[in-house]
>>> print(open('structure.csv').read())   # CSV, C-alpha atoms
chain,number,residue,atom,x,y,z
W,1,MET,CA,76.3,129.4,86.7
W,2,SER,CA,72.7,129.0,87.6
W,3,VAL,CA,71.0,125.8,88.6
W,4,LYS,CA,69.6,123.8,85.7
W,5,ARG,CA,65.9,123.1,85.4
W,6,GLY,CA,64.9,120.0,87.3
W,7,VAL,CA,68.0,120.0,89.6
W,8,THR,CA,67.2,120.1,93.3
W,9,ASP,CA,69.1,122.8,95.3
W,10,ILE,CA,71.2,121.0,98.0
W,11,TYR,CA,70.1,123.8,100.4
W,12,MET,CA,66.5,122.6,100.0
W,13,GLN,CA,67.1,118.9,100.5
W,14,ALA,CA,66.0,117.2,103.7
W,15,PHE,CA,68.6,115.0,105.3
W,16,ASN,CA,68.1,113.0,108.5
W,17,GLN,CA,71.5,111.5,109.2
W,18,ILE,CA,73.9,114.2,107.9
W,19,GLY,CA,74.1,117.9,107.9
W,20,VAL,CA,75.5,119.8,104.8
W,21,GLN,CA,77.1,123.2,104.6
W,22,ILE,CA,78.8,125.0,101.7
W,23,ASP,CA,81.6,127.6,101.9
W,24,PRO,CA,81.5,129.0,98.4
W,25,ASP,CA,84.4,131.3,99.0
W,26,TYR,CA,86.8,128.4,99.5
W,27,GLY,CA,84.9,125.8,97.5
W,28,ILE,CA,84.3,123.6,100.6
W,29,LEU,CA,81.5,121.1,100.9
W,30,TRP,CA,81.1,120.1,104.6
W,31,VAL,CA,79.3,116.9,105.4
W,32,TYR,CA,78.6,116.3,109.1
W,33,GLN,CA,77.7,112.9,110.3
W,34,LYS,CA,74.8,112.9,112.8
W,35,PRO,CA,73.5,109.3,112.7
W,36,THR,CA,70.9,108.0,115.0
W,37,PRO,CA,70.3,106.0,117.2
W,38,ARG,CA,74.1,105.6,117.7
W,39,PRO,CA,77.1,107.2,115.9
W,40,CYS,CA,77.9,104.4,113.5
W,41,PHE,CA,77.5,103.8,109.8
W,42,ASN,CA,73.9,102.7,109.6
W,43,PRO,CA,72.4,102.1,106.1
W,44,ALA,CA,70.5,105.4,106.1
W,45,LEU,CA,73.7,107.4,106.9
W,46,ILE,CA,75.6,105.6,104.1
W,47,THR,CA,72.8,106.3,101.6
W,48,GLU,CA,72.8,110.1,102.5
W,49,VAL,CA,76.6,110.4,102.3
W,50,ARG,CA,76.7,108.5,99.0
W,51,SER,CA,73.9,110.8,97.6
W,52,ILE,CA,76.2,113.8,98.1
W,53,GLN,CA,79.0,112.0,96.4
W,54,LYS,CA,76.8,111.1,93.5
W,55,LEU,CA,75.8,114.8,93.1
W,56,LEU,CA,79.4,115.8,92.8
W,57,GLU,CA,80.0,113.0,90.3
W,58,THR,CA,76.9,113.9,88.3
W,59,TYR,CA,77.6,117.6,88.1
W,60,ASN,CA,81.3,117.4,87.5
W,61,GLY,CA,82.5,118.7,90.9
W,62,HIS,CA,79.7,121.3,91.4
W,63,ILE,CA,76.9,121.4,93.9
W,64,PRO,CA,73.5,123.1,93.3
W,65,TYR,CA,73.3,125.7,96.1
W,66,ARG,CA,71.0,128.7,96.5
W,67,GLY,CA,70.3,129.0,92.8
W,68,GLN,CA,73.9,128.6,91.6
W,69,MET,CA,76.2,125.7,90.7
W,70,VAL,CA,79.0,126.1,93.2
W,71,PRO,CA,82.4,124.6,92.2
W,72,ILE,CA,83.7,122.3,95.0
W,73,HIS,CA,87.5,122.0,95.6
W,74,TYR,CA,87.4,120.3,99.1
W,75,HIS,CA,85.0,117.7,100.5
W,76,VAL,CA,85.2,117.7,104.3
W,77,LEU,CA,83.8,114.8,106.4
W,78,ASP,CA,83.1,115.9,110.0
W,79,SER,CA,80.8,114.9,112.8
W,80,HIS,CA,78.1,116.4,115.0
W,81,SER,CA,78.4,113.7,117.6
W,82,PRO,CA,80.1,115.0,120.8
W,83,GLY,CA,83.5,113.4,121.2
W,84,ILE,CA,82.9,110.9,118.4
W,85,PHE,CA,83.8,111.0,114.7
W,86,SER,CA,82.4,107.5,114.2
W,87,LEU,CA,82.2,104.3,116.1
W,88,GLY,CA,82.3,102.3,112.8
W,89,GLY,CA,80.1,99.7,111.4
W,90,ASP,CA,76.5,99.0,112.5
W,91,LEU,CA,77.2,96.2,115.0
W,92,HIS,CA,73.4,95.8,115.7
W,93,LEU,CA,72.9,95.2,111.9
W,94,PHE,CA,75.9,92.8,111.8
W,95,ARG,CA,74.5,90.8,114.7
W,96,ASP,CA,71.0,90.7,113.2
W,97,HIS,CA,72.3,89.5,109.8
W,98,VAL,CA,74.5,86.8,111.3
W,99,MET,CA,71.7,85.5,113.6
W,100,ARG,CA,69.3,85.3,110.7
W,101,LYS,CA,72.0,83.8,108.4
W,102,ASP,CA,71.3,86.6,105.9
W,103,LYS,CA,74.6,86.7,104.0
W,104,GLU,CA,73.1,88.6,101.1
W,105,GLY,CA,71.8,91.4,103.3
W,106,LEU,CA,75.2,91.8,105.0
W,107,LEU,CA,76.9,91.8,101.6
W,108,ARG,CA,74.6,94.6,100.4
W,109,TYR,CA,75.5,96.7,103.4
W,110,ALA,CA,79.2,96.0,102.9
W,111,LYS,CA,79.1,96.9,99.2
W,112,ALA,CA,77.4,100.2,100.1
W,113,CYS,CA,80.3,100.9,102.5
W,114,ILE,CA,82.9,100.1,99.8
W,115,ASP,CA,81.1,102.3,97.2
W,116,THR,CA,81.3,105.2,99.6
W,117,ILE,CA,84.9,104.6,100.8
W,118,HIS,CA,86.3,104.1,97.3
W,119,ALA,CA,84.7,107.4,96.2
W,120,PHE,CA,86.6,109.2,99.0
W,121,VAL,CA,89.9,107.4,98.0
W,122,VAL,CA,89.8,108.6,94.4
W,123,GLY,CA,88.4,112.0,95.2
W,124,PHE,CA,85.3,111.2,93.1
W,125,ARG,CA,87.7,111.1,90.1
W,126,LEU,CA,87.5,114.9,90.1
W,127,PRO,CA,89.9,117.7,91.1
W,128,ILE,CA,88.6,117.5,94.6
W,129,THR,CA,90.6,116.9,97.8
W,130,THR,CA,88.8,114.8,100.3
W,131,ILE,CA,89.5,115.6,103.9
W,132,SER,CA,88.5,113.9,107.2
W,133,LEU,CA,88.3,116.3,110.1
W,134,VAL,CA,88.4,114.0,113.1
W,135,ARG,CA,87.5,115.8,116.3
W,136,GLY,CA,86.2,112.8,118.1
W,137,ASP,CA,87.1,109.1,118.4
W,138,ALA,CA,87.2,107.0,115.2
W,139,LEU,CA,87.0,103.3,115.7
W,140,GLY,CA,86.6,100.4,113.3
W,141,GLY,CA,84.9,101.5,110.2
W,142,GLY,CA,85.1,105.1,111.5
W,143,PHE,CA,88.9,104.8,111.4
W,144,GLU,CA,88.7,103.3,107.9
W,145,VAL,CA,86.5,106.1,106.6
W,146,ALA,CA,88.9,108.7,108.1
W,147,MET,CA,91.8,107.1,106.3
W,148,ALA,CA,89.9,106.8,103.1
W,149,ASN,CA,90.1,110.6,102.7
W,150,GLN,CA,93.2,112.0,101.1
W,151,VAL,CA,94.0,114.2,104.1
W,152,VAL,CA,93.5,113.3,107.7
W,153,ILE,CA,93.3,116.2,110.2
W,154,ALA,CA,92.7,115.1,113.8
W,155,GLU,CA,92.6,116.8,117.1
W,156,ARG,CA,95.2,115.8,119.7
W,157,GLN,CA,92.7,114.3,122.2
W,158,VAL,CA,91.2,111.8,119.7
W,159,GLU,CA,91.7,108.1,119.8
W,160,MET,CA,91.5,105.7,116.8
W,161,GLY,CA,91.8,102.0,116.4
W,162,PHE,CA,90.5,98.7,115.2
W,163,PRO,CA,88.6,96.8,117.9
W,164,GLU,CA,87.3,94.1,115.4
W,165,ILE,CA,89.8,91.4,116.6
W,166,LEU,CA,88.1,91.5,120.0
W,167,PHE,CA,85.0,89.9,118.5
W,168,ASN,CA,86.9,87.7,116.1
W,169,ILE,CA,86.7,89.5,112.8
W,170,PHE,CA,88.9,92.0,111.0
W,171,PRO,CA,88.5,95.5,109.4
W,172,GLY,CA,86.9,94.5,106.1
W,173,MET,CA,86.0,97.9,104.5
W,174,GLY,CA,89.5,98.8,103.3
W,175,GLY,CA,91.4,99.1,106.5
W,176,TYR,CA,94.3,96.9,105.4
W,177,HIS,CA,94.7,98.6,102.0
W,178,LEU,CA,94.3,102.1,103.5
W,179,LEU,CA,96.8,101.6,106.3
W,180,CYS,CA,99.3,100.0,103.9
W,181,GLN,CA,99.2,103.3,102.0
W,182,ARG,CA,100.7,104.9,105.1
W,183,LEU,CA,102.5,102.1,107.0
W,184,PRO,CA,104.6,99.0,106.3
W,185,ALA,CA,102.6,95.8,106.1
W,186,ALA,CA,104.0,94.4,109.3
W,187,GLN,CA,103.1,97.5,111.3
W,188,THR,CA,99.7,97.5,109.8
W,189,GLU,CA,99.1,93.9,111.0
W,190,ARG,CA,100.4,94.8,114.5
W,191,LEU,CA,98.0,97.7,114.7
W,192,MET,CA,95.0,95.6,113.6
W,193,LEU,CA,95.8,92.7,115.8
W,194,SER,CA,96.4,94.8,118.9
W,195,GLY,CA,92.7,95.8,119.2
W,196,ARG,CA,93.7,98.9,121.1
W,197,LYS,CA,93.1,102.6,120.7
W,198,TYR,CA,95.9,104.8,119.5
W,199,GLY,CA,96.3,108.5,120.4
W,200,VAL,CA,96.6,111.0,117.6
W,201,PRO,CA,100.2,112.0,118.4
W,202,GLU,CA,101.3,108.4,118.1
W,203,LEU,CA,99.4,107.9,114.8
W,204,ALA,CA,101.0,111.2,113.5
W,205,ASP,CA,104.4,109.9,114.3
W,206,MET,CA,103.6,106.7,112.3
W,207,GLY,CA,102.4,108.8,109.4
W,208,VAL,CA,98.7,107.8,109.7
W,209,VAL,CA,97.5,111.3,110.6
W,210,ASP,CA,98.6,114.2,108.4
W,211,ILE,CA,97.9,117.2,110.5
W,212,VAL,CA,97.5,117.3,114.3
W,213,ALA,CA,95.4,120.1,115.8
W,214,ASP,CA,95.0,121.1,119.4
W,215,PRO,CA,91.7,120.4,121.0
W,216,GLY,CA,89.0,122.7,119.6
W,217,GLN,CA,91.3,123.9,116.8
W,218,GLY,CA,90.4,121.4,114.1
W,219,ASN,CA,88.5,124.0,112.1
W,220,SER,CA,91.4,126.5,112.2
W,221,ALA,CA,93.9,123.7,111.1
W,222,LEU,CA,91.6,122.8,108.2
W,223,TYR,CA,91.5,126.4,106.9
W,224,ALA,CA,95.2,126.8,107.4
W,225,PHE,CA,95.8,123.7,105.3
W,226,ILE,CA,93.5,125.0,102.6
W,227,GLU,CA,95.2,128.4,102.5
W,228,ALA,CA,98.6,126.8,102.1
W,229,ASN,CA,97.2,124.4,99.5
W,230,ARG,CA,95.7,127.1,97.4
W,231,ARG,CA,99.1,128.4,96.4
W,232,HIS,CA,100.2,125.1,94.8
W,233,ARG,CA,96.9,123.3,94.3
W,234,ASN,CA,97.6,122.2,90.7
W,235,GLY,CA,100.8,120.5,91.8
W,236,TYR,CA,99.1,118.9,94.8
W,237,LEU,CA,96.3,117.5,92.7
W,238,ALA,CA,98.9,116.1,90.2
W,239,LEU,CA,100.8,114.3,93.0
W,240,GLN,CA,97.5,112.8,94.3
W,241,HIS,CA,96.9,111.5,90.8
W,242,ILE,CA,100.4,110.0,90.6
W,243,LYS,CA,100.0,108.4,94.1
W,244,ARG,CA,96.8,106.7,92.9
W,245,LYS,CA,98.6,105.4,89.8
W,246,VAL,CA,101.7,104.1,91.7
W,247,ASN,CA,99.9,102.7,94.8
W,248,PRO,CA,96.3,102.1,93.6
W,249,VAL,CA,93.5,101.1,95.9
W,250,SER,CA,91.1,99.5,93.4
W,251,TYR,CA,87.4,99.0,93.8
W,252,GLU,CA,87.8,95.4,92.8
W,253,ASP,CA,90.4,94.7,95.5
W,254,LEU,CA,88.3,96.4,98.1
W,255,MET,CA,85.3,94.3,97.1
W,256,ASP,CA,87.4,91.1,97.2
W,257,VAL,CA,88.4,91.7,100.8
W,258,CYS,CA,84.9,92.9,101.7
W,259,SER,CA,83.3,89.7,100.3
W,260,TYR,CA,85.8,87.6,102.4
W,261,TRP,CA,84.9,89.8,105.4
W,262,VAL,CA,81.3,88.9,104.9
W,263,ASP,CA,82.2,85.2,104.8
W,264,THR,CA,84.3,85.5,108.0
W,265,THR,CA,81.6,87.5,109.8
W,266,MET,CA,78.9,84.9,109.1
W,267,ARG,CA,81.1,82.3,110.9
W,268,ILE,CA,81.5,84.1,114.2
W,269,SER,CA,80.4,82.3,117.4
W,270,GLU,CA,77.7,82.8,119.9
W,271,ARG,CA,80.3,84.2,122.3
W,272,ASP,CA,81.4,86.8,119.7
W,273,LEU,CA,77.8,87.8,119.0
W,274,ARG,CA,77.2,88.3,122.8
W,275,LEU,CA,80.3,90.5,122.9
W,276,MET,CA,79.0,92.5,119.9
W,277,GLU,CA,75.7,93.0,121.7
W,278,ARG,CA,77.6,94.3,124.8
W,279,LEU,CA,79.5,96.7,122.6
W,280,VAL,CA,76.2,98.0,121.1
W,281,ARG,CA,74.9,98.6,124.7
W,282,ALA,CA,78.2,100.4,125.5
W,283,GLN,CA,77.8,102.6,122.5
W,284,ASP,CA,74.2,103.5,123.6
W,285,ARG,CA,75.5,104.4,127.1
W,286,ARG,CA,78.2,106.6,125.6
W,287,VAL,CA,75.6,108.4,123.5
W,288,SER,CA,73.3,108.9,126.5
W,289,ALA,CA,76.1,110.3,128.6
W,290,ALA,CA,77.3,112.8,125.9
W,291,PRO,CA,76.5,116.5,126.2
W,292,ARG,CA,73.7,117.7,124.0
W,293,ASP,CA,74.9,121.2,123.2
W,294,GLY,CA,76.7,120.9,119.9
W,295,ALA,CA,79.8,119.0,119.2
W,296,SER,CA,81.3,120.9,116.3
W,297,GLU,CA,82.6,124.3,115.5
W,298,SER,CA,80.7,126.1,112.8
W,299,SER,CA,82.3,125.8,109.4
W,300,ALA,CA,80.9,129.1,108.2
>>> encode(input="structure.csv", output="structure tokens")
Amino acid sequence: MSVKRGVTDIYMQAFNQIGVQIDPDYGILWVYQKPTPRPCFNPALITEVRSIQKLLETYNGHIPYRGQMVPIHYHVLDSHSPGIFSLGGDLHLFRDHVMRKDKEGLLRYAKACIDTIHAFVVGFRLPITTISLVRGDALGGGFEVAMANQVVIAERQVEMGFPEILFNIFPGMGGYHLLCQRLPAAQTERLMLSGRKYGVPELADMGVVDIVADPGQGNSALYAFIEANRRHRNGYLALQHIKRKVNPVSYEDLMDVCSYWVDTTMRISERDLRLMERLVRAQDRRVSAAPRDGASESSA
């Protein structure tokens, strides 16, 4: 099917905060996070990730690519940041909004996050499987986004966790709902209140991570999953649909919690704000110390 008149080919679009690749043979859409100045969910990154989601929603699971409308069966969220999937929410932005008492600005940011996360949860309401390929650490909102995808594939060396309690807030972009899809409520609360990082093998034993790959083998594990899934894809998609019916994560529920998160965040103390600032500086140091020669395997 050729691209319709007036539709911009995804191959020709300029992105600053993400990279996009298509594997038409397998129907894979790869979205690589490459945010600057630090590997977190800044507003520009969220806008670009959401723009890809909207394309899928608009063109009924197809992407305009090299003159053709390519059917997409798998959406893979990955990262180009060495050793990092995502460090989560934009702490610099949080701090700025709190200091300026800009509750509406913080709520706009939070809503954009929920729009993006919920689209992953429901697979864009299309026969598309959403996958997070976690080859670097996923903290805070990065952990939430990883879990928002229907399949979590993570390399063994990765650490994930929710540090939010350390600066007196909680994971407000769906973390509780998403963990409760995979864990009992009491275990979810212990994980969130601990503030610590968890290794992938431990998270896999809990049921949070679906597939564990050896270091550097995430790409191979992804394709192995897709090869196995192709043989019973219809049944797999049906089970995903039933799961969403039986244990729904509704947009309204996510927004309720998100609004409460905004209220809570606006009340944090000067001490908490100083800690947030120190964490931003630590993120900057981690980025500066990272190697510059390409973090990800090629998906092609």
>>> closest_residue(input="structure.csv", among="W:Asn16, W:Asn149, W:Ala204, W:Phe167", to="Arg95 of chain W", atoms="only C-alpha atoms")
W:Phe167
>>> closest_residue(input="structure.csv", among="W:Glu144, W:Asp78, W:Asp90, W:Asp9", to="Arg38 of chain W", atoms="all atoms listed in the file")
W:Asp90
>>> atom_distance(input="structure.csv", atom1="atom CA of Leu45 of chain W", atom2="atom CA of Leu139 of chain W")
16.5 Å
>>> atom_distance(input="structure.csv", atom1="atom CA of Gly172 of chain W", atom2="atom CA of Leu93 of chain W")
15.2 Å
>>> closest_residue(input="structure.csv", among="W:Lys54, W:Lys34, W:Lys101, W:Arg244", to="Asp263 of chain W", atoms="only C-alpha atoms")
W:Lys101
>>> atom_distance(input="structure.csv", atom1="atom CA of Phe120 of chain W", atom2="atom CA of His241 of chain W")
13.4 Å
>>> closest_atom_pairs(input="structure.csv", of="segment 102-164 of chain W", to="segment 183-199 of chain W", cutoff="9 Å", atoms="only C-alpha atoms", output="tab-separated table")
residue	atom	partner	partner_atom	distance
W:Leu139	CA	W:Lys197	CA	7.9
W:Arg156	CA	W:Gly199	CA	7.4
W:Gln157	CA	W:Gly199	CA	7.1
W:Val158	CA	W:Gly199	CA	6.1
W:Glu159	CA	W:Gly199	CA	4.7
W:Met160	CA	W:Lys197	CA	5.2
W:Gly161	CA	W:Lys197	CA	4.5
W:Phe162	CA	W:Gly195	CA	5.4
W:Pro163	CA	W:Gly195	CA	4.4
W:Glu164	CA	W:Gly195	CA	6.8
>>> residues_around(input="structure.csv", residues="His177 of chain W", least_positions_apart="3", cutoff="10 Å", atoms="only C-alpha atoms", output="list in words")
Glu144, Met147, Ala148, Gly172, Met173, Gly174, Cys180, Gln181, Arg182, Leu183, Ala185, Thr188, Asn247, Pro248, Val249, Ser250, Asp253, Leu254 and Val257 of chain W
>>> residues_around(input="structure.csv", residues="Gln33 of chain W", least_positions_apart="4", cutoff="9 Å", atoms="only C-alpha atoms", output="ChimeraX atom specification")
/W:17-19,39,45,49,77-81,85-86
>>> closest_residue(input="structure.csv", among="W:Ala112, W:Ala290, W:Val209, W:Ile165", to="Val151 of chain W", atoms="all atoms listed in the file")
W:Val209
>>> closest_residue(input="structure.csv", among="W:Asn42, W:Gln13, W:Thr129, W:Thr47", to="Ile28 of chain W", atoms="only C-alpha atoms")
W:Thr129
>>> residues_around(input="structure.csv", residues="Arg108 of chain W", least_positions_apart="5", cutoff="12 Å", atoms="all atoms listed in the file", output="ChimeraX atom specification")
/W:43,46-47,93-94,97,102-103,113-115,255,258-259,262
>>> residues_near_point(input="structure.csv", point="(95.4, 116.4, 117.7)", cutoff="7 Å", atoms="only C-alpha atoms", output="JSON list (two decimals) with C-alpha atoms, in the coordinates of the input")
[["chain", "number", "residue", "atom", "x", "y", "z"],
["W", 154, "ALA", "CA", 92.70, 115.10, 113.80],
["W", 155, "GLU", "CA", 92.60, 116.80, 117.10],
["W", 156, "ARG", "CA", 95.20, 115.80, 119.70],
["W", 157, "GLN", "CA", 92.70, 114.30, 122.20],
["W", 158, "VAL", "CA", 91.20, 111.80, 119.70],
["W", 200, "VAL", "CA", 96.60, 111.00, 117.60],
["W", 201, "PRO", "CA", 100.20, 112.00, 118.40],
["W", 212, "VAL", "CA", 97.50, 117.30, 114.30],
["W", 213, "ALA", "CA", 95.40, 120.10, 115.80],
["W", 214, "ASP", "CA", 95.00, 121.10, 119.40],
["W", 215, "PRO", "CA", 91.70, 120.40, 121.00]]
